[in-house]
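Here the structure is laid out as structure tokens; the discussion comes afterwards.
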Amino acid sequence: MKKKILLMGRSGCGKTSMRALVFSSTLYPNAASTKRLGTTLGVETSHFRILRNLVISLFDMGGQQAYIDSYLDDRKSQVFKDVGAFVYVFDMGNSAEQGEDDDAWEADGRYWRDCVRLLNQHSPTAQIFCLLHKMDLVQESSRRDIYAQRVRELRSKARDLLGPESDIDARLRCCGTSIWDETLYRAWSKIIHSLIPNIAVLESNLDQFAGVSGATEAVVFERKTFLVVARSGEAKERGAVAGTGDSKETASQPQPPQPSSSVAAASKVSSPRRSKGAPPALGQDDTALIMEGYPPSDAERKSILSSGQLHPERFEKISELVKNLRGSCSKLQASFQSLEVRGETFAAYLDVLTADTYILVIVADPSVELSAVKLNVHMARERFE
Ligand code: GTP
């Protein structure tokens, strides 16, 4: 199955940088090297096999004005047809540097709106991702509030374009990102996850696997990019965030960071830069959705860890570790198939699951033997292929 990702945004917002970092086949792509990237001329298309049955075609749409005009006009049906995920990159660094009128944000808003309108005509079921990018350039003290305010504005704009609230919740997702930290990896994991066919079956197999293995968590990673494809307990968590889950059922599962009172407060703060046409405030219930794509604050992270839950950024850290290990191994012309880590309170086992994936199993119960987990991984391979 082929799925098209349309990556759009104005020139210099960081599209090619993120493509290079997330999908690069070079060994040590690093954020600093993106400074050498030239501007994209027209459209650059690349294809990635993510799973055995999924090929992603990524269209990096150069953001210079002449190109933008052509996407929105004479090439619109070609550009916006058959899209699986539309990813729009907002340059928050640019926006944060502007004065009171915030022209950059307004211009982005107009371009985004035109794109979403055309997307709705030509690919009405496409998922829409708004990456509020270069968050590292926004002053740290106001980063959270500005992010919350911008997401609220986008959700408000989306009301005219996507219809009822339920459609917005189902189709629109916002994430704060930067090439300098793990937020980029997390956002792209979400994007890829949204395109995987039969994801519910994969997640339910994974839940079952974690259950019979006595695992605290089981995670499937894509083999080349090491993006998270699926993890146990995720379907239940999603239900809980969308307000459809049973909170008792999810109590024993690792929870996503819940909005703290400071976040709730953030949703009430109006942007210090917003000067015209402030959108209507959203209800308190929207706070979780608004902050879903924002990393937890230090205080939230501390409280998550002290309550015995798993580290909220564990996947990003594992991915980095494994990519570095793989790089070092290949320098020695070696490779690895599996990895075992034994900590004081947990054990982890990483192994190849299918031709295109790895599985990581985390066990906190001291009575569970890792050898039994290994055997389970071996036996489960056929089912996951
Ligand atoms: P066009 O090809 O003209 O459409 O631009 P683009 O959207 O592909 O932008 P590109 O990826 O070339 O990035 C432009 C500049 O932004 C580069 O110098 C990157 O290093 C920088 N950049 C990208 N992402 C980030 C980020 O998260 N933070 C910071 N500080 N700089 C970034």
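Ligands are numbered from 1 in the order shown, chains are lettered A, B, ... in the order of the structure tokens, and residues start at 1 in each chain.
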
Please report as a Markdown table every residue of chain A lying within 9 Å of ligand 1, along with the nearest atom pair and their distance in Å (one decimal), using only C-alpha atoms and all ligand atoms.
| residue | atom | partner | partner_atom_place_in_ligand_line | distance |
| --- | --- | --- | --- | --- |
| A:Met8 | CA | ligand 1 | 7 (O) | 7.7 |
| A:Gly9 | CA | ligand 1 | 7 (O) | 6.3 |
| A:Arg10 | CA | ligand 1 | 4 (O) | 5.9 |
| A:Ser11 | CA | ligand 1 | 3 (O) | 3.6 |
| A:Gly12 | CA | ligand 1 | 9 (O) | 3.5 |
| A:Cys13 | CA | ligand 1 | 7 (O) | 4.0 |
| A:Gly14 | CA | ligand 1 | 11 (O) | 3.4 |
| A:Lys15 | CA | ligand 1 | 7 (O) | 3.8 |
| A:Thr16 | CA | ligand 1 | 11 (O) | 3.7 |
| A:Ser17 | CA | ligand 1 | 11 (O) | 3.6 |
| A:Met18 | CA | ligand 1 | 11 (O) | 6.5 |
| A:Arg19 | CA | ligand 1 | 11 (O) | 7.8 |
| A:Ala20 | CA | ligand 1 | 11 (O) | 8.2 |
| A:Ala31 | CA | ligand 1 | 20 (O) | 6.7 |
| A:Ala32 | CA | ligand 1 | 20 (O) | 6.3 |
| A:Ser33 | CA | ligand 1 | 20 (O) | 7.0 |
| A:Thr34 | CA | ligand 1 | 20 (O) | 4.3 |
| A:Lys35 | CA | ligand 1 | 18 (O) | 3.7 |
| A:Arg36 | CA | ligand 1 | 18 (O) | 6.7 |
| A:Leu37 | CA | ligand 1 | 12 (O) | 5.2 |
| A:Gly38 | CA | ligand 1 | 12 (O) | 5.8 |
| A:Thr39 | CA | ligand 1 | 2 (O) | 3.6 |
| A:Thr40 | CA | ligand 1 | 2 (O) | 3.5 |
| A:Leu41 | CA | ligand 1 | 2 (O) | 6.8 |
| A:Gly42 | CA | ligand 1 | 2 (O) | 8.5 |
| A:Asp60 | CA | ligand 1 | 8 (O) | 7.5 |
| A:Met61 | CA | ligand 1 | 4 (O) | 6.5 |
| A:Gly62 | CA | ligand 1 | 4 (O) | 3.8 |
| A:Gly63 | CA | ligand 1 | 4 (O) | 3.6 |
| A:Gln64 | CA | ligand 1 | 3 (O) | 5.7 |
| A:Val89 | CA | ligand 1 | 7 (O) | 7.7 |
| A:Asp91 | CA | ligand 1 | 25 (C) | 8.4 |
| A:Met92 | CA | ligand 1 | 28 (N) | 8.9 |
| A:Gly93 | CA | ligand 1 | 30 (N) | 7.0 |
| A:His133 | CA | ligand 1 | 27 (O) | 5.6 |
| A:Lys134 | CA | ligand 1 | 27 (O) | 3.5 |
| A:Met135 | CA | ligand 1 | 27 (O) | 6.4 |
| A:Asp136 | CA | ligand 1 | 28 (N) | 5.8 |
| A:Leu137 | CA | ligand 1 | 30 (N) | 5.6 |
| A:Thr177 | CA | ligand 1 | 27 (O) | 6.4 |
| A:Ser178 | CA | ligand 1 | 27 (O) | 3.4 |
| A:Ile179 | CA | ligand 1 | 27 (O) | 4.0 |
| A:Trp180 | CA | ligand 1 | 27 (O) | 6.0 |
| A:Asp181 | CA | ligand 1 | 27 (O) | 8.3 |
| A:Leu184 | CA | ligand 1 | 27 (O) | 8.2 |

Can you tell me, as a CSV table (one decimal) with C-alpha atoms, in the first residue's frame, which residues in range 20-69 of chain A count as helix (DSSP H, G or I) by DSSP?
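Writing the result to part33.csv gives the following:
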chain,number,residue,atom,x,y,z
A,20,ALA,CA,16.8,14.7,6.3
A,21,LEU,CA,16.9,14.1,10.1
A,22,VAL,CA,14.0,11.6,10.3
A,23,PHE,CA,14.5,9.7,7.1
A,31,ALA,CA,20.8,19.0,13.4
A,32,ALA,CA,23.7,21.4,12.8
A,33,SER,CA,24.4,19.9,9.4
A,34,THR,CA,20.9,21.1,8.2
A,35,LYS,CA,22.3,24.6,8.1
A,36,ARG,CA,24.1,23.6,4.8
A,65,GLN,CA,6.2,32.1,-3.2
A,66,ALA,CA,6.2,31.2,-6.9
A,67,TYR,CA,5.9,27.6,-6.1
A,68,ILE,CA,3.2,28.2,-3.5
A,69,ASP,CA,1.2,30.1,-6.1

Spatial neighbours of range 203-220 of chain A, max dist 9 Å, only C-alpha atoms, sep filter under 6 positions, as number ranges by chain
A: 226-235, 253-254, 315, 353, 357-365, 368, 372-373, 376-377, 380, 383-384

DSSP strand (DSSP E or B) selection over range 83-164 of chain A, as JSON, numbers by chain:
{"A": [83, 84, 85, 86, 87, 88, 89, 90, 91, 127, 128, 129, 130, 131, 132, 133]}

Contact residues around Glu340 in chain A with only C-alpha atoms at 8 Å, ignoring same-chain residues under 4 positions, as number ranges by chain:
A: 347-350

Skipping near chain neighbours, those fewer than 5 positions away, what residues fall within 8 Å of Ile128 in chain A using only C-alpha atoms, listed as a list in words?
Ala85, Phe86, Val87, Tyr88, Arg171, Leu172 and Arg173 of chain A

Only N, CA and C atoms, please: the residues just picked out, written as an mmCIF file, in the first residue's frame.
data_model
loop_
_atom_site.group_PDB
_atom_site.id
_atom_site.type_symbol
_atom_site.label_atom_id
_atom_site.label_comp_id
_atom_site.auth_asym_id
_atom_site.auth_seq_id
_atom_site.Cartn_x
_atom_site.Cartn_y
_atom_site.Cartn_z
ATOM 1 N N ALA A 85 -1.559 11.969 4.644
ATOM 2 C CA ALA A 85 -1.312 12.900 5.757
ATOM 3 C C ALA A 85 -0.771 14.209 5.191
ATOM 4 N N PHE A 86 -1.396 15.286 5.622
ATOM 5 C CA PHE A 86 -0.937 16.621 5.224
ATOM 6 C C PHE A 86 -0.186 17.211 6.417
ATOM 7 N N VAL A 87 1.095 17.512 6.209
ATOM 8 C CA VAL A 87 1.911 18.030 7.314
ATOM 9 C C VAL A 87 2.282 19.468 6.984
ATOM 10 N N TYR A 88 1.775 20.416 7.778
ATOM 11 C CA TYR A 88 2.108 21.821 7.539
ATOM 12 C C TYR A 88 3.068 22.281 8.634
ATOM 13 N N ARG A 171 -9.293 14.618 12.973
ATOM 14 C CA ARG A 171 -8.391 14.833 11.824
ATOM 15 C C ARG A 171 -7.225 15.768 12.072
ATOM 16 N N LEU A 172 -7.350 16.665 13.050
ATOM 17 C CA LEU A 172 -6.316 17.685 13.221
ATOM 18 C C LEU A 172 -5.461 17.400 14.456
ATOM 19 N N ARG A 173 -4.151 17.366 14.257
ATOM 20 C CA ARG A 173 -3.264 17.195 15.413
ATOM 21 C C ARG A 173 -2.131 18.197 15.318
#
